[in-house]
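Comments concern the structure below.
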Amino acid sequence: MAKKVLVTGGAGYIGSHTVVELIRAGYEPLILDDYRNSDPSVIQRLKQIIGKEPEHVVCDVCDQNKINEVFQTFDISGVIHFAAYKAVGESVENPLKYYSNNISGLNSILTVIKRNPQIPFVFSSSCTVYGEPSGIKEVDEKTERAIPTSPYGYTKWLGEQIIEDLFTSQGDLKMMSLRYFNPIGAHESGIIGELPVGKPNNLLPFITQTAAGLHNELTIFGNDYPTHDGTCIRDYIHVVDLAEAHVKAIDYLFAQQKGCNEIINIGTGKGTSVLDLVKTFERENNIKLNYAFGPRRSGDVIEIYANVDYALSLINWKAKKDIKDAVKDAWNWEKSIRHLK
Ligand code: UD1
């Protein structure tokens with residue numbers, strides 16, 4: 001029988017793509033979401049891709065009683081925990097919102113995991129835990145974590161710490177944190193993708209919305225950084241590759257006889273500048289994008305990309321897609337939701 005994997009935040013951007021890949025791998029995802037940052041129509045969109053409506057429950061991940069009930073009602077074999085807030089700027093303006101949601105959501109799930117150590121647990125972490133790398137820009141998992149630059153960053157930093165402390169107290173748990181670099185792109189079908197609430201903060205959604213006419217121009221934050229073209233460098237990872245990494249992570253944890261707590265970078269291993277991404281978008285989609293250089297955005301890291309050796313050796317995962325695929329898929333998705341040709 002297919003193993004049921006609870007996907008908290010399963011209607012969100014990365015969650016929904018992971019639901020598709022879980023089905024493809026023979027798992028039975030159970031989406032848990034209260035749609036505060038996603039749209040219920042995602043369930044029907046997923047049905048279009050996977051041929052059936054995925055099982056789903058409406059629940060606030062912080063509601064311990066309801067979470068307990070979900071675990072009593074369903075025979076859950078594994079958990080992938082996405083549900084959390086992720087807007088850096090908003091977290092600076094409203095830190096308590098981030099600490100209360102991101103930390104209590106994690107806490108309520110881990111409370112159940114603690115009682116059920118056979119259930120593997122995968123956590124969405126972020127390369128934000130590295131801060132600005134000093135010296136070498138390629139970071140591996142042994143690179144020391146830095147003091148986070150935002151409350152959002154702290155919730156990921158603290159999330160990893162909570163998991164580590166729990167594992168220290170109870171070594172039979174099977175846990176893995178995935179440190180995502182910069183997820184971009186959409187499903188190649190154009191049926192699911194990122195649905196930013198309000199004005200997007202992240203680069204590629206802002207590019208696609210500008211190309212679709214929602215904004216007059218893209219501002220590139222800074223062109224005087226010490227990089228090849230003066231703009232910041234990131235490791236952009238296609239969301240479908242990232243979704244597959246979650247499947248490999250849960251496969252790995254299911255195969256473990258003993259407890260473990262692993263942390264893995266999920267990126268491509270390649271750095272791409274803001275301007276490289278803009279130009280790739282223009283070239284691959286044959287579009288001229290209106291952009292201008294503006295001042296630096298405060299808190300931005302100059303350059304960071306992943307060392308991805310550990311992901312390959314531990315869970316046999318590496319990225320298959322590149323930024324060309326991502327910019328085409330993201331534009332295809334933007335056109336489909338805006339009904340553009
Ligand atoms: C941000 C978060 C990171 C989080 C990630 C989620 C910060 C400091 N970090 O990463 O913690 O995990 O989102 O995806 O916010 N850019 C522009 N113009 C724009 C938008 C972005 O030039 O309109 C530039 C930024 O200055 C940056 C690059 O594009 O150099 C990527 O920005 P963004 O997509 O916001 O991601 P990060 O800042 O890397």
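Chain labels A, B, ... are given in the sequence in which chains occur in the structure tokens; within each chain residues are numbered consecutively from 1, and ligands are likewise numbered from 1 in the order shown.
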Which residues are close to Glu141 (chain A), i.e. within 7 Å by only C-alpha atoms, leaving aside same-chain residues fewer than 2 positions away? Reply as a compact mmCIF listing (two decimals) with N, CA and C atoms, in the first residue's frame.
```txt
# COMPACT_ATOMS: atom_id res chain seq x y z
N VAL A 139 29.17 27.49 -0.36
CA VAL A 139 29.04 27.02 1.02
C VAL A 139 28.63 25.55 1.05
N THR A 143 29.92 24.70 6.60
CA THR A 143 30.14 26.14 6.74
C THR A 143 29.35 26.63 7.96
N ILE A 263 21.37 17.44 7.48
CA ILE A 263 21.13 18.76 6.88
C ILE A 263 21.78 18.76 5.50
N ILE A 264 21.01 19.18 4.49
CA ILE A 264 21.54 19.13 3.12
C ILE A 264 21.26 20.42 2.37
N ASN A 265 22.24 20.90 1.64
CA ASN A 265 22.04 22.02 0.72
C ASN A 265 21.28 21.55 -0.51
```
Residues flagged helix (DSSP H, G or I) by DSSP in region 206-321 of chain A, as number ranges by chain: A: 206-211, 239-255, 274-285, 309-315
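Distances from A:Glu282, A:Glu217, A:Glu55, A:Asp251 to ligand 1 were compared using only C-alpha atoms and all ligand atoms, and the smallest one belongs to A:Glu217.
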Within 6 Å of ligand 1 (only C-alpha atoms and all ligand atoms), residues as a ChimeraX atom specification: /A:88,126,128,153,182-183,201-203,206,218-221,232,274,297,299-300
Residues from the last selection, C-alpha atoms, saved as a PDB file, in the first residue's frame:
```
ATOM      1  CA  VAL A  88      11.744  38.717   4.720  1.00  0.00           C
ATOM      2  CA  SER A 126      17.033  28.018   3.845  1.00  0.00           C
ATOM      3  CA  THR A 128      19.656  32.262   4.748  1.00  0.00           C
ATOM      4  CA  GLY A 153      15.967  34.019   8.917  1.00  0.00           C
ATOM      5  CA  ASN A 182      16.655  30.313  -4.437  1.00  0.00           C
ATOM      6  CA  PRO A 183      13.658  28.335  -5.713  1.00  0.00           C
ATOM      7  CA  ASN A 201       9.665  40.457  -3.268  1.00  0.00           C
ATOM      8  CA  ASN A 202      11.538  37.748  -5.109  1.00  0.00           C
ATOM      9  CA  LEU A 203      13.307  38.362  -8.380  1.00  0.00           C
ATOM     10  CA  PHE A 206       8.846  40.349 -10.337  1.00  0.00           C
ATOM     11  CA  LEU A 218      12.109  45.892 -12.690  1.00  0.00           C
ATOM     12  CA  THR A 219      14.535  47.627 -10.373  1.00  0.00           C
ATOM     13  CA  ILE A 220      17.824  45.769 -10.091  1.00  0.00           C
ATOM     14  CA  PHE A 221      18.984  46.423  -6.559  1.00  0.00           C
ATOM     15  CA  CYS A 232      24.358  39.978  -6.681  1.00  0.00           C
ATOM     16  CA  VAL A 274      20.683  39.176 -11.259  1.00  0.00           C
ATOM     17  CA  ARG A 297      18.551  46.559  -1.057  1.00  0.00           C
ATOM     18  CA  GLY A 299      20.410  43.097   3.981  1.00  0.00           C
ATOM     19  CA  ASP A 300      21.257  41.552   0.590  1.00  0.00           C
TER      20      ASP A 300
END
```
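Distances here use only C-alpha atoms; by that measure, the residue among A:Leu46, A:Leu253, A:Ile323, A:Ile315 closest to Ser189 (chain A) is A:Leu46.
For the residues A:Ser38, A:Thr155, A:Thr268, A:Ser134, ranking by smallest atom-to-atom distance to Ala306 (chain A) using only C-alpha atoms places A:Thr268 first.
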Contacts of Ile109 (chain A) at 8 Å (only C-alpha atoms; same-chain gap of 5+ positions) as a ChimeraX atom specification: /A:61,64,67
Surrounding residues of Lys328 (chain A) excluding itself and chain neighbours under 2 positions, 12 Å, only C-alpha atoms, as a VMD selection string: chain A and resid 184 to 190 204 207 to 208 238 277 to 278 280 to 287 321 to 326 330 to 335
Neighbour list for Gly26 (chain A) as a PyMOL selection string, cut-off 9 Å, only C-alpha atoms, skip fewer than 4 positions in-chain: chain A and resi 2-3+21-22
Selected residues written out, N, CA, C and O atoms, as an mmCIF file, in the first residue's frame:
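Dumped everything to selection-v7.cif:
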```cif
data_model
loop_
_atom_site.group_PDB
_atom_site.id
_atom_site.type_symbol
_atom_site.label_atom_id
_atom_site.label_comp_id
_atom_site.auth_asym_id
_atom_site.auth_seq_id
_atom_site.Cartn_x
_atom_site.Cartn_y
_atom_site.Cartn_z
ATOM 1 N N ALA A 2 0.386 2.268 -0.717
ATOM 2 C CA ALA A 2 1.169 3.514 -0.799
ATOM 3 C C ALA A 2 1.280 4.162 0.578
ATOM 4 O O ALA A 2 0.306 4.191 1.334
ATOM 5 N N LYS A 3 2.461 4.668 0.874
ATOM 6 C CA LYS A 3 2.655 5.352 2.161
ATOM 7 C C LYS A 3 2.050 6.747 2.082
ATOM 8 O O LYS A 3 2.253 7.470 1.113
ATOM 9 N N GLU A 21 5.326 15.389 -7.330
ATOM 10 C CA GLU A 21 6.460 14.447 -7.383
ATOM 11 C C GLU A 21 6.261 13.273 -6.422
ATOM 12 O O GLU A 21 6.706 12.158 -6.709
ATOM 13 N N LEU A 22 5.580 13.500 -5.302
ATOM 14 C CA LEU A 22 5.293 12.387 -4.376
ATOM 15 C C LEU A 22 4.402 11.360 -5.049
ATOM 16 O O LEU A 22 4.623 10.148 -4.952
#
```
All strand (DSSP E) residues (DSSP, backbone) inside region 80-172 of chain A, as a ChimeraX atom specification: /A:80-81,121-126,138-139
Output the selection as a PDB file, in the first residue's frame - N, CA, C and O atoms for each residue.
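Written out: selection13.pdb:
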```
ATOM      1  N   ILE A  80       6.323  16.064   5.555  1.00  0.00           N
ATOM      2  CA  ILE A  80       7.162  17.124   4.976  1.00  0.00           C
ATOM      3  C   ILE A  80       6.519  18.442   5.406  1.00  0.00           C
ATOM      4  O   ILE A  80       5.349  18.690   5.110  1.00  0.00           O
ATOM      5  N   HIS A  81       7.300  19.238   6.123  1.00  0.00           N
ATOM      6  CA  HIS A  81       6.728  20.433   6.763  1.00  0.00           C
ATOM      7  C   HIS A  81       7.153  21.710   6.039  1.00  0.00           C
ATOM      8  O   HIS A  81       8.275  22.200   6.231  1.00  0.00           O
ATOM      9  N   PHE A 121      10.636  12.925   9.197  1.00  0.00           N
ATOM     10  CA  PHE A 121      10.251  14.338   9.179  1.00  0.00           C
ATOM     11  C   PHE A 121      11.246  15.138   8.334  1.00  0.00           C
ATOM     12  O   PHE A 121      12.462  15.086   8.574  1.00  0.00           O
ATOM     13  N   VAL A 122      10.721  15.870   7.350  1.00  0.00           N
ATOM     14  CA  VAL A 122      11.569  16.717   6.487  1.00  0.00           C
ATOM     15  C   VAL A 122      11.182  18.176   6.716  1.00  0.00           C
ATOM     16  O   VAL A 122      10.005  18.530   6.665  1.00  0.00           O
ATOM     17  N   PHE A 123      12.187  19.016   6.953  1.00  0.00           N
ATOM     18  CA  PHE A 123      11.969  20.430   7.287  1.00  0.00           C
ATOM     19  C   PHE A 123      12.504  21.335   6.178  1.00  0.00           C
ATOM     20  O   PHE A 123      13.596  21.117   5.662  1.00  0.00           O
ATOM     21  N   SER A 124      11.709  22.384   5.840  1.00  0.00           N
ATOM     22  CA  SER A 124      12.138  23.400   4.865  1.00  0.00           C
ATOM     23  C   SER A 124      13.032  24.399   5.546  1.00  0.00           C
ATOM     24  O   SER A 124      12.554  25.275   6.267  1.00  0.00           O
ATOM     25  N   SER A 125      14.330  24.309   5.303  1.00  0.00           N
ATOM     26  CA  SER A 125      15.213  25.348   5.808  1.00  0.00           C
ATOM     27  C   SER A 125      15.691  26.199   4.632  1.00  0.00           C
ATOM     28  O   SER A 125      15.146  26.086   3.527  1.00  0.00           O
ATOM     29  N   SER A 126      16.664  27.038   4.870  1.00  0.00           N
ATOM     30  CA  SER A 126      17.033  28.018   3.845  1.00  0.00           C
ATOM     31  C   SER A 126      18.515  28.342   3.938  1.00  0.00           C
ATOM     32  O   SER A 126      19.109  28.292   5.030  1.00  0.00           O
ATOM     33  N   GLU A 138      31.123  29.551  -2.174  1.00  0.00           N
ATOM     34  CA  GLU A 138      30.454  28.245  -2.271  1.00  0.00           C
ATOM     35  C   GLU A 138      30.386  27.657  -0.873  1.00  0.00           C
ATOM     36  O   GLU A 138      31.422  27.391  -0.272  1.00  0.00           O
ATOM     37  N   VAL A 139      29.167  27.487  -0.363  1.00  0.00           N
ATOM     38  CA  VAL A 139      29.043  27.017   1.019  1.00  0.00           C
ATOM     39  C   VAL A 139      28.634  25.546   1.054  1.00  0.00           C
ATOM     40  O   VAL A 139      27.787  25.100   0.276  1.00  0.00           O
TER      41      VAL A 139
END
```
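You will find CA of Ala211 (chain A) at 22.4 Å from CA of Ala87 (chain A).
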Residue neighbourhood Pro29 (chain A), 8 Å, only C-alpha atoms, exclusion window fewer than 2 positions, as a PyMOL selection string: chain A and resi 4-7+19+22-23+27+31+54-55
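Residue nearest Gln209 (chain A) within the list A:Leu289, A:Glu28, A:Val247, A:Ser100: A:Leu289 [criterion: smallest interatomic distance, only C-alpha atoms].
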For region 166-176 of chain A, work out the shell of residues within 9 Å, counting only C-alpha atoms and skipping chain neighbours fewer than 5 positions away, then give it as an mmCIF file with N, CA, C and O atoms, in the first residue's frame.
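Wrote it out as out_23.cif, contents follow:
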```
data_model
loop_
_atom_site.group_PDB
_atom_site.id
_atom_site.type_symbol
_atom_site.label_atom_id
_atom_site.label_comp_id
_atom_site.auth_asym_id
_atom_site.auth_seq_id
_atom_site.Cartn_x
_atom_site.Cartn_y
_atom_site.Cartn_z
ATOM 1 N N LEU A 110 6.288 18.648 15.605
ATOM 2 C CA LEU A 110 7.326 17.856 16.282
ATOM 3 C C LEU A 110 6.801 17.189 17.556
ATOM 4 O O LEU A 110 7.291 16.129 17.949
ATOM 5 N N ILE A 113 5.599 14.035 16.238
ATOM 6 C CA ILE A 113 6.730 13.219 15.779
ATOM 7 C C ILE A 113 7.462 12.589 16.983
ATOM 8 O O ILE A 113 7.862 11.422 16.943
ATOM 9 N N LYS A 114 7.603 13.367 18.039
ATOM 10 C CA LYS A 114 8.287 12.885 19.248
ATOM 11 C C LYS A 114 7.613 11.611 19.800
ATOM 12 O O LYS A 114 8.277 10.693 20.248
ATOM 13 N N ASN A 116 5.924 9.601 17.951
ATOM 14 C CA ASN A 116 5.890 8.589 16.876
ATOM 15 C C ASN A 116 7.217 8.601 16.118
ATOM 16 O O ASN A 116 7.286 9.030 14.971
ATOM 17 N N PRO A 117 8.298 8.142 16.767
ATOM 18 C CA PRO A 117 9.631 8.292 16.182
ATOM 19 C C PRO A 117 9.823 7.542 14.859
ATOM 20 O O PRO A 117 10.784 7.814 14.146
ATOM 21 N N GLN A 118 8.913 6.638 14.557
ATOM 22 C CA GLN A 118 9.053 5.913 13.280
ATOM 23 C C GLN A 118 8.663 6.787 12.089
ATOM 24 O O GLN A 118 8.920 6.435 10.940
ATOM 25 N N ILE A 119 8.011 7.950 12.351
ATOM 26 C CA ILE A 119 7.553 8.820 11.259
ATOM 27 C C ILE A 119 8.678 9.769 10.835
ATOM 28 O O ILE A 119 9.080 10.639 11.614
ATOM 29 N N PRO A 120 9.216 9.631 9.610
ATOM 30 C CA PRO A 120 10.257 10.546 9.157
ATOM 31 C C PRO A 120 9.737 11.964 8.980
ATOM 32 O O PRO A 120 8.561 12.166 8.626
ATOM 33 N N PHE A 121 10.636 12.925 9.197
ATOM 34 C CA PHE A 121 10.251 14.338 9.179
ATOM 35 C C PHE A 121 11.246 15.138 8.334
ATOM 36 O O PHE A 121 12.462 15.086 8.574
ATOM 37 N N VAL A 122 10.721 15.870 7.350
ATOM 38 C CA VAL A 122 11.569 16.717 6.487
ATOM 39 C C VAL A 122 11.182 18.176 6.716
ATOM 40 O O VAL A 122 10.005 18.530 6.665
ATOM 41 N N PHE A 123 12.187 19.016 6.953
ATOM 42 C CA PHE A 123 11.969 20.430 7.287
ATOM 43 C C PHE A 123 12.504 21.335 6.178
ATOM 44 O O PHE A 123 13.596 21.117 5.662
ATOM 45 N N SER A 124 11.709 22.384 5.840
ATOM 46 C CA SER A 124 12.138 23.400 4.865
ATOM 47 C C SER A 124 13.032 24.399 5.546
ATOM 48 O O SER A 124 12.554 25.275 6.267
ATOM 49 N N GLN A 161 17.756 24.434 14.906
ATOM 50 C CA GLN A 161 18.255 24.236 16.261
ATOM 51 C C GLN A 161 17.277 23.401 17.099
ATOM 52 O O GLN A 161 17.684 22.503 17.840
ATOM 53 N N ALA A 249 14.597 12.766 -0.118
ATOM 54 C CA ALA A 249 14.841 12.912 1.320
ATOM 55 C C ALA A 249 13.945 11.944 2.105
ATOM 56 O O ALA A 249 14.415 11.229 3.002
ATOM 57 N N ILE A 250 12.686 11.904 1.741
ATOM 58 C CA ILE A 250 11.762 11.041 2.501
ATOM 59 C C ILE A 250 12.048 9.565 2.183
ATOM 60 O O ILE A 250 11.993 8.716 3.064
ATOM 61 N N LEU A 253 14.906 8.654 4.415
ATOM 62 C CA LEU A 253 14.533 8.509 5.830
ATOM 63 C C LEU A 253 13.738 7.232 6.063
ATOM 64 O O LEU A 253 13.920 6.551 7.070
ATOM 65 N N PHE A 254 12.857 6.887 5.107
ATOM 66 C CA PHE A 254 12.091 5.633 5.254
ATOM 67 C C PHE A 254 13.029 4.418 5.285
ATOM 68 O O PHE A 254 12.720 3.414 5.919
ATOM 69 N N GLN A 256 15.951 4.220 6.628
ATOM 70 C CA GLN A 256 16.841 4.152 7.790
ATOM 71 C C GLN A 256 16.255 3.258 8.889
ATOM 72 O O GLN A 256 15.080 3.341 9.196
ATOM 73 N N LYS A 258 17.896 3.183 11.891
ATOM 74 C CA LYS A 258 18.195 3.923 13.122
ATOM 75 C C LYS A 258 17.820 5.392 12.970
ATOM 76 O O LYS A 258 17.594 5.852 11.856
ATOM 77 N N GLY A 259 17.849 6.112 14.075
ATOM 78 C CA GLY A 259 17.567 7.544 14.026
ATOM 79 C C GLY A 259 18.673 8.315 13.317
ATOM 80 O O GLY A 259 19.813 7.845 13.236
ATOM 81 N N CYS A 260 18.343 9.479 12.773
ATOM 82 C CA CYS A 260 19.353 10.324 12.132
ATOM 83 C C CYS A 260 18.826 11.757 12.086
ATOM 84 O O CYS A 260 17.611 11.986 12.142
ATOM 85 N N ASN A 261 19.739 12.697 11.998
ATOM 86 C CA ASN A 261 19.342 14.095 11.750
ATOM 87 C C ASN A 261 20.338 14.674 10.759
ATOM 88 O O ASN A 261 21.499 14.877 11.095
ATOM 89 N N GLU A 262 19.885 14.883 9.546
ATOM 90 C CA GLU A 262 20.769 15.327 8.462
ATOM 91 C C GLU A 262 20.369 16.729 7.988
ATOM 92 O O GLU A 262 19.192 17.092 8.053
ATOM 93 N N ILE A 263 21.365 17.439 7.476
ATOM 94 C CA ILE A 263 21.126 18.759 6.879
ATOM 95 C C ILE A 263 21.778 18.760 5.503
ATOM 96 O O ILE A 263 22.941 18.364 5.364
ATOM 97 N N ILE A 264 21.010 19.182 4.489
ATOM 98 C CA ILE A 264 21.542 19.127 3.116
ATOM 99 C C ILE A 264 21.255 20.422 2.374
ATOM 100 O O ILE A 264 20.143 20.954 2.422
#
```
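With only C-alpha atoms as the atoms that count, the residue of A:Pro151, A:Tyr13, A:Tyr310, A:Glu144 with the shortest distance to Glu93 (chain A) is A:Pro151.
The smallest atom-to-atom distance between Lys248 (chain A) and any of A:Pro196, A:Asn316, A:Asn101, A:Asp165, using only C-alpha atoms, is found for A:Asn316.
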